[in-house]
Amino acid sequence: MGDTVRIGKAKRKKVLSEADRTRRSKHIDLIVTLIPVALMAVYYYGIRVLILAACAIIFSVLSDYLCLRLCGDRKWQSYDFSSVISPLILVLILPASIPYWLAVVGVLIATFVAKYPFGGYGKNIFNPAAVAFAVLALGWPDKVLSYPQPFDNLGVSFTVGGSLTNGVAYRLQLGGAPAIPVMDRLLGNFAGPMGATCILVLMACGLYLLVRRTISWQVVTGTLGSAAAMAFLFPRVSVSRVDSVVFELIAGVLVFGAVFMASDPVTSPKTGWGKALYGVLLGVLTMLFRYFGKMEITFVFALLLCNAVAPKCDEYMALLIQAAKRAARRLAKKPLAPKTQGE
Amino acid sequence: MRTFYQKHKKTLSLFDGFFLNNTVLERGLVIAPIIVAGNTMKNAVMLSIAFVIITFITVFVSSFIPKKFPYTIRAILHTVLAAIVFIPVSILLQNFFPEAVYKTGIFLPLLVTNSLIVSKSESRFFKKTRGKMAVDLISHVLGFMLVACLVGALREILGNGTFWGNSLGMSETAPALMFPFAGFIILGFLAAALQKFRRYLNQEPKREPEASNE
Amino acid sequence: MSEVFASIAGFAGDYVAFALIAMFLENTILTRALGTSTSLLIIRKGFPLVLFSVILTVITTLSSVLVFLVNPLLKNVAYSYSVTPLLFVLMISLVYVAVLLITNSCFSKHRQKILPMVHLSAFNCAVLGALLLGSQSNMNFASFLGFGLGTGLGFALATFLLSIAYDRLYSDRVPKAFRGFPAMLIYIGILSLSFYGLIGHEISF
């Protein structure tokens, strides 16, 4: 926690500790990178995206504040921007046609169900945006898993008229390859979650966050690498293996989730090897849920399961490494075979 | 309220099973029927009626089984007795709620092996005198009924937009509430509210500072 | 010969398929809340999870064999819905006594450790639930057995997942109102949510 310093007769100013400063800087990095993703969503779907984001953030901040007051002695930490980041992440993995009230319901679920019963920011076990999306997807699949086409005129009314379509993930589930030109696949010019389709922007943001060490390279590469490997080895559709990898990566919220959700330092493992195992597990589970499950968006469900086993990833990898080191030491100390007589 | 509770704690503790030490919310027993099948008021009422009758009769009659019988025999007799009581109860429910009984699925027959019969009878109820046992037992079974009906009503109204199968004309509903995960979460919040209330009742009342004599 | 091989392969296929279904898609704790209180008790008392799951699986599997044999008799019985639990409880009782006798004779050195777990698992909701679901679904023999195996494995998996967070949910990190059982219920609810991502819809019960 920070110390307080008195600046003359002025109010005491809280000085943040090194750890808190790092946390704040990471939060700011995340917000900075979410902005271009949100702007791409605005480009494709219009001003409605901004209104959704604003509603979500306002209700998130209010509900966070209410929970803090209910908890009594817990103060709002100045490094904590989670009440801005979580709702923004949630909104960007939803379709642009989502009713405003449903986005608000999601935000309230994230705060009241996923965050504060476990102790609030820094103590939650599950990623709040993932919990909220999972509940919305199961409860309102017609509203959450149907998408407008980019550049459709959605307007700003409470509900969106016009036709909605299924995403890439749904078509892959049925065994069909979507007909999307290559550039559109990278730029996100196809129906899908409003912030999760523009792969190029997501990769650029991911690179920035990796360089800034805000997210963990082990988690990101583990997740995307294992998912890509499974898509290559076991394609769901009758296309080339490379196309299978591309479609599986652009489907659902896999890339967005790997960059913005999986590396959440609160809910992911703490050690490097633990993060690597976690990333691989997440990618594998996401693909297994796609192969055998009924939901088209599976990343968030796999993420919830991985959040639960995150502490065990650190523990088991530590044991594995210890065992490997012991084995290596034994091999190094093993004496040479004794010489037989006559040699 | 807190002062009243603390003053009469010994008497009120006889009825603890209904509210403060509720079977479901405090002890975590018999939660499966509420979480999975208790998503409508009708299901909740049927499960509650069956639970009250089966559990009360089984535990009360089982209390007459001599303690000298080995535990294994007693355990088998408790459960067989519950299964026997289930027969007339289920026939009665099928007469009053035709077809609706089957909507509770396996959870109505599963009441036969509920924790109050299988474990709590030996570890709690049989240690009391018969009179106090009867009061405690009634409190526990009614406590289950309270939670089941509350959760069932909440989930049906908000999740389905109906009550007792009759539409309430709501424009939007929350179908997610019909899933078992919502049952777990709702029970979690109810348990938290009860835990907070219990802590409040058991807290020492704040003493006002004595006025100085001047 | 090829027919024998084909029937063995068919049996094995059904057995494994239903074991996986019972373990994941119809996990006894996370999708039907059966055995939740037993699971929490095991974690609290520190019972060895693997041993308990083996005992639960053995009891469920042996009971499944008996229930599969007597199930056809119930089809033409009046009030079969009402009589079924009694018959199944009698089958479980036979298995319970048999397991106790085997424990006392073959595992007498470890009986102090094993017996409490046998008592706990015999009339468990998970066991009776698996039998009721199996008979309701008109499964064949291999599927019935596989479902029993999957029930035990699924119980073990769910209990393992609950044990990871158990100490944390009872610690000071959690607000007092939610500390312990309330937070545990919400935790189980979110785990159940993640499993429903595999299922995608409400399952029958």
# chains A, B, ... in the order shown; residues from 1 in each chain; ligands from 1
$ closest_atom_pairs --of "chain C" --to "chain A" --cutoff "7 Å" --atoms "only C-alpha atoms" --output "tab-separated table"
residue	atom	partner	partner_atom	distance
C:Leu161	CA	A:Ala308	CA	6.9
C:Arg173	CA	A:Gly119	CA	5.7
C:Val174	CA	A:Gly119	CA	4.6
C:Pro175	CA	A:Gly119	CA	5.7
C:Phe178	CA	A:Pro117	CA	6.0
C:Ala183	CA	A:Pro117	CA	6.3
C:Leu191	CA	A:Leu305	CA	6.6
C:Ser194	CA	A:Phe301	CA	4.5
C:Gly197	CA	A:Phe301	CA	5.5
C:Leu198	CA	A:Gly293	CA	4.2
C:Ile199	CA	A:Lys294	CA	5.7
C:Gly200	CA	A:Lys294	CA	4.9
$ write_last_selection --atoms "N, CA and C atoms" --output "CSV table (one decimal), in the first residue's frame"
chain,number,residue,atom,x,y,z
C,161,LEU,N,-11.9,-29.8,-8.2
C,161,LEU,CA,-12.0,-28.3,-8.6
C,161,LEU,C,-12.5,-27.5,-7.4
C,173,ARG,N,-9.7,-13.1,2.9
C,173,ARG,CA,-9.8,-12.4,1.7
C,173,ARG,C,-11.2,-12.2,1.3
C,174,VAL,N,-12.1,-13.1,1.7
C,174,VAL,CA,-13.5,-13.0,1.3
C,174,VAL,C,-14.3,-12.2,2.3
C,175,PRO,N,-15.2,-11.3,1.9
C,175,PRO,CA,-16.0,-10.5,2.9
C,175,PRO,C,-16.7,-11.5,3.8
C,178,PHE,N,-19.9,-13.4,2.9
C,178,PHE,CA,-19.8,-14.5,1.9
C,178,PHE,C,-18.8,-15.5,2.3
C,183,ALA,N,-19.8,-18.2,-0.4
C,183,ALA,CA,-18.8,-18.0,-1.5
C,183,ALA,C,-18.6,-19.3,-2.3
C,191,LEU,N,-18.4,-22.6,-11.8
C,191,LEU,CA,-17.9,-23.8,-12.4
C,191,LEU,C,-19.0,-24.5,-13.2
C,194,SER,N,-19.3,-22.9,-16.4
C,194,SER,CA,-18.3,-23.2,-17.4
C,194,SER,C,-18.6,-24.6,-18.1
C,197,GLY,N,-21.1,-24.5,-20.8
C,197,GLY,CA,-20.6,-24.1,-22.1
C,197,GLY,C,-20.3,-25.2,-23.0
C,198,LEU,N,-20.1,-26.4,-22.4
C,198,LEU,CA,-20.0,-27.6,-23.2
C,198,LEU,C,-21.3,-28.2,-23.6
C,199,ILE,N,-22.3,-28.0,-22.7
C,199,ILE,CA,-23.6,-28.6,-22.9
C,199,ILE,C,-24.5,-27.7,-23.8
C,200,GLY,N,-24.5,-26.4,-23.5
C,200,GLY,CA,-25.1,-25.4,-24.3
C,200,GLY,C,-26.6,-25.2,-24.1
$ residues_around --residues "Asp14 in chain C" --least-positions-apart "3" --cutoff "7 Å" --atoms "only C-alpha atoms" --output "short mmCIF file (atom, residue, chain, number, x, y, z; two decimals) with C-alpha atoms, in the first residue's frame"
data_model
loop_
_atom_site.label_atom_id
_atom_site.label_comp_id
_atom_site.auth_asym_id
_atom_site.auth_seq_id
_atom_site.Cartn_x
_atom_site.Cartn_y
_atom_site.Cartn_z
CA GLY C 10 -19.28 -51.95 -29.37
CA PHE C 11 -19.43 -52.61 -25.64
CA ALA C 17 -18.76 -42.83 -24.41
CA PHE C 18 -21.20 -42.86 -21.51
CA ALA C 142 -22.47 -51.07 -21.31
CA SER C 143 -23.90 -47.55 -21.15
#
$ residues_around --residues "range 97-105 of chain B" --least-positions-apart "2" --cutoff "12 Å" --atoms "only C-alpha atoms" --output "mmCIF file with N, CA and C atoms, in the first residue's frame"
data_model
loop_
_atom_site.group_PDB
_atom_site.id
_atom_site.type_symbol
_atom_site.label_atom_id
_atom_site.label_comp_id
_atom_site.auth_asym_id
_atom_site.auth_seq_id
_atom_site.Cartn_x
_atom_site.Cartn_y
_atom_site.Cartn_z
ATOM 1 N N ALA B 32 -29.639 -30.010 -3.899
ATOM 2 C CA ALA B 32 -29.823 -30.432 -5.297
ATOM 3 C C ALA B 32 -31.238 -30.208 -5.831
ATOM 4 N N PRO B 33 -32.286 -30.623 -5.103
ATOM 5 C CA PRO B 33 -33.641 -30.412 -5.649
ATOM 6 C C PRO B 33 -33.940 -28.939 -5.908
ATOM 7 N N ILE B 34 -33.460 -28.065 -5.026
ATOM 8 C CA ILE B 34 -33.765 -26.630 -5.181
ATOM 9 C C ILE B 34 -32.997 -26.063 -6.362
ATOM 10 N N ILE B 35 -31.748 -26.471 -6.492
ATOM 11 C CA ILE B 35 -30.900 -25.886 -7.522
ATOM 12 C C ILE B 35 -31.342 -26.313 -8.915
ATOM 13 N N VAL B 36 -31.671 -27.596 -9.068
ATOM 14 C CA VAL B 36 -31.963 -28.089 -10.421
ATOM 15 C C VAL B 36 -33.461 -28.066 -10.720
ATOM 16 N N ALA B 37 -34.236 -28.730 -9.848
ATOM 17 C CA ALA B 37 -35.667 -28.855 -10.135
ATOM 18 C C ALA B 37 -36.493 -27.707 -9.566
ATOM 19 N N GLY B 38 -35.946 -26.970 -8.628
ATOM 20 C CA GLY B 38 -36.739 -25.913 -7.974
ATOM 21 C C GLY B 38 -36.726 -24.616 -8.744
ATOM 22 N N ASN B 39 -36.989 -24.694 -10.070
ATOM 23 C CA ASN B 39 -36.981 -23.461 -10.852
ATOM 24 C C ASN B 39 -38.394 -22.992 -11.209
ATOM 25 N N THR B 40 -39.402 -23.652 -10.644
ATOM 26 C CA THR B 40 -40.771 -23.143 -10.753
ATOM 27 C C THR B 40 -41.440 -23.318 -9.399
ATOM 28 N N MET B 41 -42.478 -22.543 -9.161
ATOM 29 C CA MET B 41 -43.165 -22.595 -7.873
ATOM 30 C C MET B 41 -43.823 -23.952 -7.681
ATOM 31 N N LYS B 42 -44.387 -24.479 -8.750
ATOM 32 C CA LYS B 42 -45.092 -25.767 -8.650
ATOM 33 C C LYS B 42 -44.119 -26.877 -8.246
ATOM 34 N N ASN B 43 -42.979 -26.900 -8.917
ATOM 35 C CA ASN B 43 -41.954 -27.901 -8.570
ATOM 36 C C ASN B 43 -41.538 -27.733 -7.118
ATOM 37 N N ALA B 44 -41.328 -26.491 -6.716
ATOM 38 C CA ALA B 44 -40.865 -26.219 -5.357
ATOM 39 C C ALA B 44 -41.891 -26.707 -4.333
ATOM 40 N N VAL B 45 -43.159 -26.453 -4.606
ATOM 41 C CA VAL B 45 -44.211 -26.869 -3.661
ATOM 42 C C VAL B 45 -44.276 -28.396 -3.591
ATOM 43 N N MET B 46 -44.211 -29.039 -4.752
ATOM 44 C CA MET B 46 -44.274 -30.516 -4.755
ATOM 45 C C MET B 46 -43.096 -31.117 -4.018
ATOM 46 N N LEU B 47 -41.917 -30.589 -4.288
ATOM 47 C CA LEU B 47 -40.724 -31.096 -3.614
ATOM 48 C C LEU B 47 -40.830 -30.848 -2.116
ATOM 49 N N SER B 48 -41.338 -29.683 -1.736
ATOM 50 C CA SER B 48 -41.442 -29.339 -0.313
ATOM 51 C C SER B 48 -42.415 -30.265 0.398
ATOM 52 N N ILE B 49 -43.586 -30.477 -0.208
ATOM 53 C CA ILE B 49 -44.588 -31.342 0.425
ATOM 54 C C ILE B 49 -44.003 -32.746 0.610
ATOM 55 N N ALA B 50 -43.402 -33.256 -0.455
ATOM 56 C CA ALA B 50 -42.817 -34.601 -0.384
ATOM 57 C C ALA B 50 -41.714 -34.648 0.670
ATOM 58 N N VAL B 89 -46.808 -41.076 -0.808
ATOM 59 C CA VAL B 89 -46.629 -39.625 -1.038
ATOM 60 C C VAL B 89 -46.634 -39.327 -2.530
ATOM 61 N N SER B 90 -45.926 -40.127 -3.303
ATOM 62 C CA SER B 90 -45.846 -39.858 -4.744
ATOM 63 C C SER B 90 -47.196 -40.113 -5.406
ATOM 64 N N ILE B 91 -47.920 -41.129 -4.942
ATOM 65 C CA ILE B 91 -49.253 -41.400 -5.512
ATOM 66 C C ILE B 91 -50.183 -40.219 -5.219
ATOM 67 N N LEU B 92 -50.099 -39.704 -4.001
ATOM 68 C CA LEU B 92 -50.913 -38.544 -3.604
ATOM 69 C C LEU B 92 -50.583 -37.332 -4.473
ATOM 70 N N LEU B 93 -49.303 -37.093 -4.660
ATOM 71 C CA LEU B 93 -48.883 -35.932 -5.463
ATOM 72 C C LEU B 93 -49.312 -36.092 -6.919
ATOM 73 N N GLN B 94 -49.249 -37.322 -7.419
ATOM 74 C CA GLN B 94 -49.680 -37.547 -8.803
ATOM 75 C C GLN B 94 -51.172 -37.278 -8.965
ATOM 76 N N ASN B 95 -51.935 -37.516 -7.875
ATOM 77 C CA ASN B 95 -53.368 -37.223 -7.944
ATOM 78 C C ASN B 95 -53.636 -35.726 -7.913
ATOM 79 N N PHE B 107 -35.605 -35.821 -8.993
ATOM 80 C CA PHE B 107 -35.377 -35.170 -7.702
ATOM 81 C C PHE B 107 -36.441 -35.477 -6.668
ATOM 82 N N LEU B 108 -37.618 -35.915 -7.124
ATOM 83 C CA LEU B 108 -38.623 -36.317 -6.142
ATOM 84 C C LEU B 108 -38.220 -37.669 -5.534
ATOM 85 N N PRO B 109 -37.930 -38.683 -6.370
ATOM 86 C CA PRO B 109 -37.467 -39.945 -5.786
ATOM 87 C C PRO B 109 -36.170 -39.795 -4.986
ATOM 88 N N LEU B 110 -35.338 -38.825 -5.366
ATOM 89 C CA LEU B 110 -34.057 -38.670 -4.671
ATOM 90 C C LEU B 110 -34.215 -38.188 -3.236
ATOM 91 N N LEU B 111 -35.391 -37.654 -2.890
ATOM 92 C CA LEU B 111 -35.617 -37.193 -1.517
ATOM 93 C C LEU B 111 -35.502 -38.336 -0.518
ATOM 94 N N TRP B 164 -46.792 -20.165 -11.102
ATOM 95 C CA TRP B 164 -47.644 -21.357 -11.054
ATOM 96 C C TRP B 164 -48.128 -21.717 -12.467
ATOM 97 N N GLY B 165 -47.297 -21.446 -13.445
ATOM 98 C CA GLY B 165 -47.626 -21.780 -14.820
ATOM 99 C C GLY B 165 -48.443 -20.723 -15.526
ATOM 100 N N ARG C 32 -25.952 -31.312 -11.966
ATOM 101 C CA ARG C 32 -27.175 -31.731 -11.252
ATOM 102 C C ARG C 32 -27.085 -31.526 -9.742
ATOM 103 N N TYR C 81 -43.309 -45.765 -10.977
ATOM 104 C CA TYR C 81 -42.600 -44.535 -10.570
ATOM 105 C C TYR C 81 -42.442 -44.495 -9.064
ATOM 106 N N SER C 82 -43.502 -44.941 -8.342
ATOM 107 C CA SER C 82 -43.475 -44.843 -6.882
ATOM 108 C C SER C 82 -42.654 -45.963 -6.260
ATOM 109 N N GLY C 129 -28.965 -41.165 -7.843
ATOM 110 C CA GLY C 129 -29.231 -40.325 -9.014
ATOM 111 C C GLY C 129 -28.770 -40.973 -10.302
ATOM 112 N N LEU C 132 -31.155 -43.792 -11.177
ATOM 113 C CA LEU C 132 -32.449 -43.296 -11.671
ATOM 114 C C LEU C 132 -32.306 -42.760 -13.102
ATOM 115 N N LEU C 133 -31.215 -42.038 -13.345
ATOM 116 C CA LEU C 133 -31.008 -41.483 -14.690
ATOM 117 C C LEU C 133 -30.809 -42.598 -15.710
ATOM 118 N N GLN C 136 -34.067 -44.349 -16.397
ATOM 119 C CA GLN C 136 -34.978 -43.443 -17.110
ATOM 120 C C GLN C 136 -34.629 -43.379 -18.593
ATOM 121 N N SER C 137 -33.320 -43.456 -18.882
ATOM 122 C CA SER C 137 -32.856 -43.251 -20.256
ATOM 123 C C SER C 137 -32.823 -44.535 -21.078
ATOM 124 N N ILE C 203 -30.264 -29.415 -19.317
ATOM 125 C CA ILE C 203 -30.329 -30.862 -19.530
ATOM 126 C C ILE C 203 -31.532 -31.425 -18.790
ATOM 127 N N SER C 204 -31.965 -32.565 -19.243
ATOM 128 C CA SER C 204 -33.147 -33.167 -18.622
ATOM 129 C C SER C 204 -32.777 -33.736 -17.268
ATOM 130 N N PHE C 205 -33.718 -33.793 -16.392
ATOM 131 C CA PHE C 205 -33.496 -34.425 -15.086
ATOM 132 C C PHE C 205 -34.704 -35.264 -14.694
#
$ residues_around --residues "range 166-173 of chain A" --least-positions-apart "5" --cutoff "7 Å" --atoms "only C-alpha atoms" --output "ChimeraX atom specification"
/A:145-147,178,191-192,236-237,251-252,296-297
$ write_last_selection --atoms "all heavy atoms" --output "PDB file, in the first residue's frame"
ATOM      1  N   LEU A 145     -25.566 -14.085 -29.530  1.00  0.00           N
ATOM      2  CA  LEU A 145     -24.808 -14.847 -30.530  1.00  0.00           C
ATOM      3  C   LEU A 145     -25.294 -14.581 -31.960  1.00  0.00           C
ATOM      4  O   LEU A 145     -25.034 -15.368 -32.859  1.00  0.00           O
ATOM      5  CB  LEU A 145     -24.880 -16.343 -30.195  1.00  0.00           C
ATOM      6  CG  LEU A 145     -24.340 -16.712 -28.811  1.00  0.00           C
ATOM      7  CD1 LEU A 145     -24.557 -18.190 -28.523  1.00  0.00           C
ATOM      8  CD2 LEU A 145     -22.858 -16.379 -28.698  1.00  0.00           C
ATOM      9  N   SER A 146     -26.004 -13.488 -32.159  1.00  0.00           N
ATOM     10  CA  SER A 146     -26.396 -13.063 -33.518  1.00  0.00           C
ATOM     11  C   SER A 146     -25.797 -11.691 -33.751  1.00  0.00           C
ATOM     12  O   SER A 146     -25.817 -10.846 -32.860  1.00  0.00           O
ATOM     13  CB  SER A 146     -27.920 -12.959 -33.639  1.00  0.00           C
ATOM     14  OG  SER A 146     -28.510 -14.168 -33.302  1.00  0.00           O
ATOM     15  N   TYR A 147     -25.281 -11.485 -34.959  1.00  0.00           N
ATOM     16  CA  TYR A 147     -24.476 -10.277 -35.202  1.00  0.00           C
ATOM     17  C   TYR A 147     -24.985  -9.506 -36.408  1.00  0.00           C
ATOM     18  O   TYR A 147     -25.445 -10.095 -37.395  1.00  0.00           O
ATOM     19  CB  TYR A 147     -23.011 -10.681 -35.453  1.00  0.00           C
ATOM     20  CG  TYR A 147     -22.452 -11.587 -34.387  1.00  0.00           C
ATOM     21  CD1 TYR A 147     -22.428 -12.961 -34.563  1.00  0.00           C
ATOM     22  CD2 TYR A 147     -21.979 -11.060 -33.187  1.00  0.00           C
ATOM     23  CE1 TYR A 147     -21.941 -13.796 -33.574  1.00  0.00           C
ATOM     24  CE2 TYR A 147     -21.483 -11.884 -32.192  1.00  0.00           C
ATOM     25  CZ  TYR A 147     -21.468 -13.249 -32.394  1.00  0.00           C
ATOM     26  OH  TYR A 147     -20.984 -14.071 -31.408  1.00  0.00           O
ATOM     27  N   PRO A 178     -16.662 -20.316 -43.852  1.00  0.00           N
ATOM     28  CA  PRO A 178     -17.258 -19.031 -44.261  1.00  0.00           C
ATOM     29  C   PRO A 178     -16.512 -18.454 -45.460  1.00  0.00           C
ATOM     30  O   PRO A 178     -15.296 -18.591 -45.571  1.00  0.00           O
ATOM     31  CB  PRO A 178     -17.079 -18.150 -43.030  1.00  0.00           C
ATOM     32  CG  PRO A 178     -16.035 -18.800 -42.210  1.00  0.00           C
ATOM     33  CD  PRO A 178     -15.950 -20.227 -42.583  1.00  0.00           C
ATOM     34  N   ALA A 191     -19.261 -10.400 -39.898  1.00  0.00           N
ATOM     35  CA  ALA A 191     -20.141 -10.379 -38.717  1.00  0.00           C
ATOM     36  C   ALA A 191     -19.502 -11.142 -37.567  1.00  0.00           C
ATOM     37  O   ALA A 191     -19.035 -12.274 -37.743  1.00  0.00           O
ATOM     38  CB  ALA A 191     -21.485 -11.003 -39.076  1.00  0.00           C
ATOM     39  N   GLY A 192     -19.512 -10.504 -36.421  1.00  0.00           N
ATOM     40  CA  GLY A 192     -18.939 -11.146 -35.238  1.00  0.00           C
ATOM     41  C   GLY A 192     -18.978 -10.210 -34.047  1.00  0.00           C
ATOM     42  O   GLY A 192     -19.522  -9.098 -34.151  1.00  0.00           O
ATOM     43  N   ARG A 236     -11.953 -28.762 -38.547  1.00  0.00           N
ATOM     44  CA  ARG A 236     -13.390 -29.041 -38.461  1.00  0.00           C
ATOM     45  C   ARG A 236     -14.071 -28.942 -39.820  1.00  0.00           C
ATOM     46  O   ARG A 236     -15.183 -29.421 -40.003  1.00  0.00           O
ATOM     47  CB  ARG A 236     -14.077 -28.029 -37.523  1.00  0.00           C
ATOM     48  CG  ARG A 236     -13.902 -28.334 -36.054  1.00  0.00           C
ATOM     49  CD  ARG A 236     -14.920 -27.581 -35.208  1.00  0.00           C
ATOM     50  NE  ARG A 236     -14.590 -26.169 -35.070  1.00  0.00           N
ATOM     51  CZ  ARG A 236     -15.385 -25.280 -34.489  1.00  0.00           C
ATOM     52  NH1 ARG A 236     -16.554 -25.641 -34.032  1.00  0.00           N
ATOM     53  NH2 ARG A 236     -15.009 -24.015 -34.366  1.00  0.00           N
ATOM     54  N   VAL A 237     -13.406 -28.237 -40.735  1.00  0.00           N
ATOM     55  CA  VAL A 237     -14.032 -28.012 -42.041  1.00  0.00           C
ATOM     56  C   VAL A 237     -13.118 -28.510 -43.144  1.00  0.00           C
ATOM     57  O   VAL A 237     -11.907 -28.657 -42.944  1.00  0.00           O
ATOM     58  CB  VAL A 237     -14.356 -26.518 -42.248  1.00  0.00           C
ATOM     59  CG1 VAL A 237     -15.490 -26.099 -41.331  1.00  0.00           C
ATOM     60  CG2 VAL A 237     -13.152 -25.647 -42.011  1.00  0.00           C
ATOM     61  N   ALA A 251     -12.437 -16.996 -35.452  1.00  0.00           N
ATOM     62  CA  ALA A 251     -13.784 -17.296 -34.958  1.00  0.00           C
ATOM     63  C   ALA A 251     -13.898 -16.952 -33.475  1.00  0.00           C
ATOM     64  O   ALA A 251     -12.912 -17.005 -32.735  1.00  0.00           O
ATOM     65  CB  ALA A 251     -14.083 -18.782 -35.153  1.00  0.00           C
ATOM     66  N   GLY A 252     -15.098 -16.611 -33.069  1.00  0.00           N
ATOM     67  CA  GLY A 252     -15.337 -16.352 -31.654  1.00  0.00           C
ATOM     68  C   GLY A 252     -14.519 -15.190 -31.136  1.00  0.00           C
ATOM     69  O   GLY A 252     -14.350 -14.178 -31.837  1.00  0.00           O
ATOM     70  N   GLU A 296     -21.204 -21.923 -29.618  1.00  0.00           N
ATOM     71  CA  GLU A 296     -20.272 -21.534 -30.679  1.00  0.00           C
ATOM     72  C   GLU A 296     -19.100 -20.731 -30.121  1.00  0.00           C
ATOM     73  O   GLU A 296     -17.987 -20.822 -30.614  1.00  0.00           O
ATOM     74  CB  GLU A 296     -21.014 -20.741 -31.755  1.00  0.00           C
ATOM     75  CG  GLU A 296     -21.780 -19.564 -31.197  1.00  0.00           C
ATOM     76  CD  GLU A 296     -22.661 -18.915 -32.258  1.00  0.00           C
ATOM     77  OE1 GLU A 296     -23.791 -19.376 -32.476  1.00  0.00           O
ATOM     78  OE2 GLU A 296     -22.195 -17.938 -32.842  1.00  0.00           O
ATOM     79  N   ILE A 297     -19.363 -19.930 -29.078  1.00  0.00           N
ATOM     80  CA  ILE A 297     -18.265 -19.174 -28.451  1.00  0.00           C
ATOM     81  C   ILE A 297     -17.857 -19.955 -27.219  1.00  0.00           C
ATOM     82  O   ILE A 297     -18.623 -20.094 -26.263  1.00  0.00           O
ATOM     83  CB  ILE A 297     -18.713 -17.748 -28.077  1.00  0.00           C
ATOM     84  CG1 ILE A 297     -19.159 -17.034 -29.328  1.00  0.00           C
ATOM     85  CG2 ILE A 297     -17.601 -17.029 -27.346  1.00  0.00           C
ATOM     86  CD1 ILE A 297     -18.630 -15.651 -29.544  1.00  0.00           C
TER      87      ILE A 297
END
$ select_by_dssp --residues "range 12-199 of chain B" --states "strand (DSSP E)" --output "VMD selection string"
chain B and resid 162 to 163 166 to 167
$ interface_residues --of "chain C" --to "chain B" --cutoff "9 Å" --atoms "only C-alpha atoms" --output "NGL selection string"
:C and (29-37 or 79 or 81-87 or 89-90 or 93 or 96-97 or 100 or 119-120 or 123-125 or 128-129 or 132-133 or 136 or 176-179 or 181-193 or 196 or 201-205)
$ atom_distance --atom1 "CA of Ala78 in chain C" --atom2 "CA of Asn138 in chain C"
18.4 Å
$ atom_distance --atom1 "CA of Gly175 in chain A" --atom2 "CA of Val280 in chain A"
24.6 Å
$ closest_residue --among "A:Asp314, A:Asp142, A:Glu248, A:Asp243" --to "chain B" --atoms "only C-alpha atoms"
A:Asp142
$ atom_distance --atom1 "CA of Thr162 in chain B" --atom2 "CA of Ser97 in chain A"
27.3 Å
$ select_by_dssp --residues "range 5-112 of chain C" --states "helix (DSSP H, G or I)" --output "PyMOL selection string"
chain C and resi 5-25+36-45+49-74+80-106+108-112
$ residues_around --residues "Thr22 in chain A" --least-positions-apart "6" --cutoff "12 Å" --atoms "only C-alpha atoms" --output "list in words"
Leu16, Ile28, Asp29, Ser78, Tyr79, Asp80, Arg212, Arg213, Thr214 and Pro265 of chain A
$ closest_residue --among "A:Pro150, A:Gly206, A:Gly155, A:Gly257" --to "Pro95 in chain A" --atoms "only C-alpha atoms"
A:Pro150
$ closest_residue --among "A:Tyr65, A:Phe151, A:Tyr44, A:Trp101" --to "chain B" --atoms "only C-alpha atoms"
A:Trp101
$ residues_around --residues "Val118 in chain C" --least-positions-apart "4" --cutoff "7 Å" --atoms "only C-alpha atoms" --output "mmCIF file with C-alpha atoms, in the first residue's frame"
data_model
loop_
_atom_site.group_PDB
_atom_site.id
_atom_site.type_symbol
_atom_site.label_atom_id
_atom_site.label_comp_id
_atom_site.auth_asym_id
_atom_site.auth_seq_id
_atom_site.Cartn_x
_atom_site.Cartn_y
_atom_site.Cartn_z
ATOM 1 C CA ILE C 55 -15.425 -46.542 -3.435
ATOM 2 C CA ILE C 114 -12.232 -47.121 4.413
ATOM 3 C CA ALA C 122 -23.604 -45.871 -0.086
#
$ residues_around --residues "Leu62 in chain A" --least-positions-apart "6" --cutoff "12 Å" --atoms "only C-alpha atoms" --output "ChimeraX atom specification"
/A:55-56,68-69,83-84,87,104,107-108,111-112
$ closest_residue --among "A:Ala19, A:Leu34, A:Leu136, A:Leu52" --to "chain B" --atoms "only C-alpha atoms"
A:Leu136
